[in-house]
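Student: Mind looking over this structure? Questions follow.
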Amino acid sequence: MYAASSSPAVRRPRAVTTALNIRTVLVGGEAAPGVPWTHAATPHGDLALMLKSGNFGAPDLFVRALQETR
């Protein structure tokens, strides 16, 4: 599960999850080394999220991830 923290690197994903009203996520497999998929249940259905720091994954990581989900 995702845990809240006061570090700047964790506050940004926390802002995203708070805006989406997500309180917990389950950590899944890696989309890239150091970049896990997370899964959350929302009132509007299940949601897969990839919350990534700028230091991890290739520049086209989100493009490749989107292609894999289609």
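Naming works like this for the structure tokens: A, B, ... for the chains as they're shown, residue 1 at the start of each chain, ligands 1 onward in shown order.
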Mind checking DSSP for chain A and telling me the strand (DSSP E) residues as a ChimeraX atom specification?
Tutor: /A:26-32,35-42,45-50
Student: Using only C-alpha atoms, which residues sit within 12 Å of A:Leu20 once same-chain residues fewer than 5 positions away are excluded, as a PyMOL selection string?
Tutor: chain A and resi 13-15+25+40-47+49
Student: Figure out the distance between atom CA of A:Ile22 and atom CA of A:His39, please, to one decimal in Å.
Tutor: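 Going from atom CA of A:His39 over to atom CA of A:Ile22, I get 10.0 Å.
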Student: Just asking: which residues within chain A are alpha helix (DSSP H) according to DSSP, as a list in words?
Tutor: Pro8, Ala9, Val10, Arg11, Arg12, Pro13, Arg14, Ala15, Val16, Thr17, Thr18, Ala19, Leu61, Phe62, Val63, Arg64, Ala65, Leu66, Gln67, Glu68 and Thr69 of chain A
Student: If I take atom CA of A:Ala32 and atom CA of A:Gly57, how far is one from the other in Å, to one decimal?
Tutor: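 Atom-to-atom, atom CA of A:Ala32 to atom CA of A:Gly57, that is 5.7 Å.
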Student: One number please: atom CA of A:Asn55 to atom CA of A:Pro33, in Å, one decimal.
Tutor: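 Calculated distance between atom CA of A:Asn55 and atom CA of A:Pro33 is 10.8 Å.
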Student: Find, counting only C-alpha atoms, the residue in A:Leu61, A:Phe56, A:Arg70, A:Ala48 that gets nearest to A:Val27.
Tutor: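 Ranked by minimum distance to A:Val27, first place goes to A:Ala48.
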Student: Select, from A:Thr18, A:Gly34, A:Gly29, A:Glu68, the residue with the minimum atom-to-atom distance to A:Gly54, counting only C-alpha atoms.
Tutor: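 Under the stated criterion, the closest residue is A:Gly34.
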Student: Could you tell me which of A:Thr24, A:Thr17, A:Ala31, A:Ser53 comes closest to A:Ala65 if we count only C-alpha atoms?
Tutor: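 The closest residue to A:Ala65 is A:Ala31.
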